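Report on one structure; see the data block that follows.
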Amino acid sequence: MEETIVRFGKHGDVVGILSEGPRGKSNTLLILLNTASEHCTGVGRLYVKIARSLSDVLPVLRFDYSGNGDSPPRHGAKSFLDSALENTQEALDFCEKYFGGMKVLLAGVCFGGDTAYAAALKDERVIGIAMMNSYFFNYGIFPDLDNETYKTFKQRTYDGTHNLLGVYLKKIFSKEDWKRLISRQSAFSFGRLLRTITHYGRKKIFEGETVNIIEKYSNYFWKNLLDAGRHSILFYAENDDSYSFYKASIGKYRKSQSIKEGNSRTEVVQDEHSNWFLSQNSQEKLLKKIRTWVQERINSEIINEAEHD
Amino acid sequence: METMYIDTSDGRLHSVFHQSLSSTDMGVVICPPPFGLEYTNSYKALSSLSSQVASSGVHVIRFDYFGCGNSEGELIEASIERWEDDILTITNEMRNALDVKIIFYIGLRLGANLIHQAIERKKIDNARVVYIAPITNIDSRHFKTICRRADIKYNARQRSYHFEGDIMSESLFLSIAKVHKVLEKPSKALCVLECSQKSLLKNMISSHDKHNYTHIPLISGEFWKRSMTVYDQSVVPRSEYNHIINWMTRNER
């Protein structure tokens with residue numbers, strides 16, 4: 001396995017690392033997209049491990065978004081999602097030049113998953129996406145949806161799926177948390193506690209207008225993906241809040257869109273010790289699942305090409 | 001800024017050179033915290049610090065230790081001694097590539113303790129050191145601070161600790177658990193700047209020449225109360241960079 005530092009983008013200012021092994025029949029490559037806050041090592045070195053372990057199957061590129069890690073920020077008025085999307089398309093251009101017309105799989109944790117989704121809808125070169133612990137929190141990935149709808153969706157689903165009351169109940173008995181609260185080092189928000197109690201009391205989180213909004217948003221998600229004809233896989237750590245979020249929103253409306261297993265599937269990584277693919281156990285399970293998915297995509301591409309010929 | 005791999009006998013170290021545009025014989029080696037949340041959280045801050053120091057006319061290099069970040073190797077193979085060797089390798093690389101004579105070291109959290117120990121053990125001469133929030137009082141809670149997003153599990157069969165997706169050998173874990181004690185030994189550095197909330201190092205380094213010691217109250221408690229959900233000393237506000245650069249300029253000769 002060989003790792004090379006590469007630079008690409010309009011001004012050659014996006015820094016990435018390309019991991020390559022002996023190339024097989026595959027003309028597919030994988031690009032790993034970061035979360036909004038980490039650089040290209042990923043959480044708990046997850047991306048380093050994915051890149052190194054998959055380099056015997058296909059080339060893997062991971063890079064820092066402009067303004068993150070080693071890539072300097074770009075001046076302008078672009079939102080972070082737009083800038084990340086621009087970087088992703090530059091990465092696709094770079095790979096096309098470097099390898100000569102390859103098919104691309106995109107994968108990302110959290111914000112990286114959202115970026116993968118948005119890029120897949122825009123770019124024909126992307127044949128599949130893997131979203132890991134994604135919240136679909138980025139309004140920008142649904143350009144036709146109005147901002148108010150999105151805000152309500154985000155707020156209500158977040159409040160409804162995060163067991164804040166349970167969290168606060170736990171904290172009442174924690175000496176450390178009391179210490180932090182007294183020394184004003186805690187992020188405790190009285191407003192959020194009130195809001196949670198009110199929501200729980202009225203049981204209004206998933207009622208009325210909110211349900212319509214969540215349904216509209218979720219159907220939008222699936223329809224866009226199906227129309228674009230991209231294969232998708234959604235990975236969730238069982239204990240992560242994003243999984244509850246998925247079950248209460250996007251996942252719930254999956255059936256109504258009659259999505260076939262061949263087009264998209266959701267896989268859950270079970271590990272009681274970690275909610276963020278941070279334990280050795282959950283990372284190994286995730287790696288295995290990603291490897292299987294990548295192999296499937298490569299095989300499917302080979303069959304498609306053979307049929308085409 | 002140039003990102004590259006530096007060859008060592010066991011594997012390549014990922015490093016980033018920030019070359020100053022003006023000709024200078026001064027260089028800075030930045031030693032980050034090796035792993036965990038502190039590594040991730042401080043990456044951007046140290047990158048900005050490097051750019052700012054380089055634009056003030058000093059060459060800067062920062063790197064990932066063996067088995068950490070983008071460098072080769074696995075954490076299970078790493079040791080404190082190996083990481084000290086990495087600091088030396090990077091220092092020599094900088095000396096050779098840029099003909100640097102005066103070297104400053106900036107260490108953050110565990111990185112600060114590693115430099116102190118490297119200077120003490122490997123006898124680096126004429127080092128000028130900036131300690132940013134060094135670890136002066138470690139207990140089991142320190143591991144919670146650096147790995148707060150995952151449980152630490154001990155594997156008795158492998159004699160190793162599992163955390164944050166990595167496996168750390170028991171010997172490394174134990175070495176880190178007493179890493180604060182290295183600061184009790186007198187510093188052999190030419191001059192020391194401590195950037196932390198309270199001046200802790202001055203008392204610990206009892207025989208240190210007080211004239212060569214400077215303390216900057218790095219961040220007020222208010223900083224964390226306002227902007228952080230968690231108490232994380234690896235987050236350095238940009239407003240402090242100029243203090244560090246000014247101190248370096250004063251202690252250049």
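Chains: A, B, ... in order of the structure tokens. Residues: from 1 per chain. Ligands: from 1, in order shown.
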Which residues come within 9 Å of stretch 275-281 of chain A, counting only C-alpha atoms, excluding same-chain residues fewer than 4 positions away, as a PyMOL selection string? (chain A and resi 43-46+133+236-241+269-271+285-286) or (chain B and resi 149-152+162-167)
Can you list every residue in stretch 15-146 of chain A that DSSP puts in strand (DSSP E), as JSON, numbers by chain? {"A": [15, 16, 17, 18, 19, 20, 28, 29, 30, 31, 32, 33, 60, 61, 62, 63, 103, 104, 105, 106, 107, 108, 109, 126, 127, 128, 129, 130, 131, 132]}
Under the rule that only C-alpha atoms are counted, which of A:Val294, A:Ile31, A:Leu181, A:Ala77 is the nearest residue to chain B?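 Comparing A:Val294, A:Ile31, A:Leu181, A:Ala77 against chain B, the winner is A:Leu181.
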To one decimal place in Å, what is the distance between atom CA of A:Ala91 and atom CA of A:Leu54?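 Atom CA of A:Leu54 lies at a distance of 18.5 Å from atom CA of A:Ala91.
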Nearest to chain B, chosen from A:Leu287, A:Leu234, A:Ile302, A:Leu225, with only C-alpha atoms counted in the distances: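 Of the candidates, the smallest distance to chain B is held by A:Leu287.
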Pick out the closest residue to B:Gln19 from this set: B:Val100, B:Ile6, B:Ala78, B:Ser71. Count only C-alpha atoms.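 Looking at the shortest contact to B:Gln19, the residue is B:Val100.
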Of the listed residues B:Pro134, B:Gly27, B:Pro34, B:Gly69, that which approaches chain A most closely, counting only C-alpha atoms: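 Between B:Pro134, B:Gly27, B:Pro34, B:Gly69, the residue approaching chain A most closely is B:Gly69.
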Return the single residue from B:Gly57, B:Gly111, B:Gly36, B:Pro217 that is closest to chain A, with distances computed using only C-alpha atoms. B:Gly36
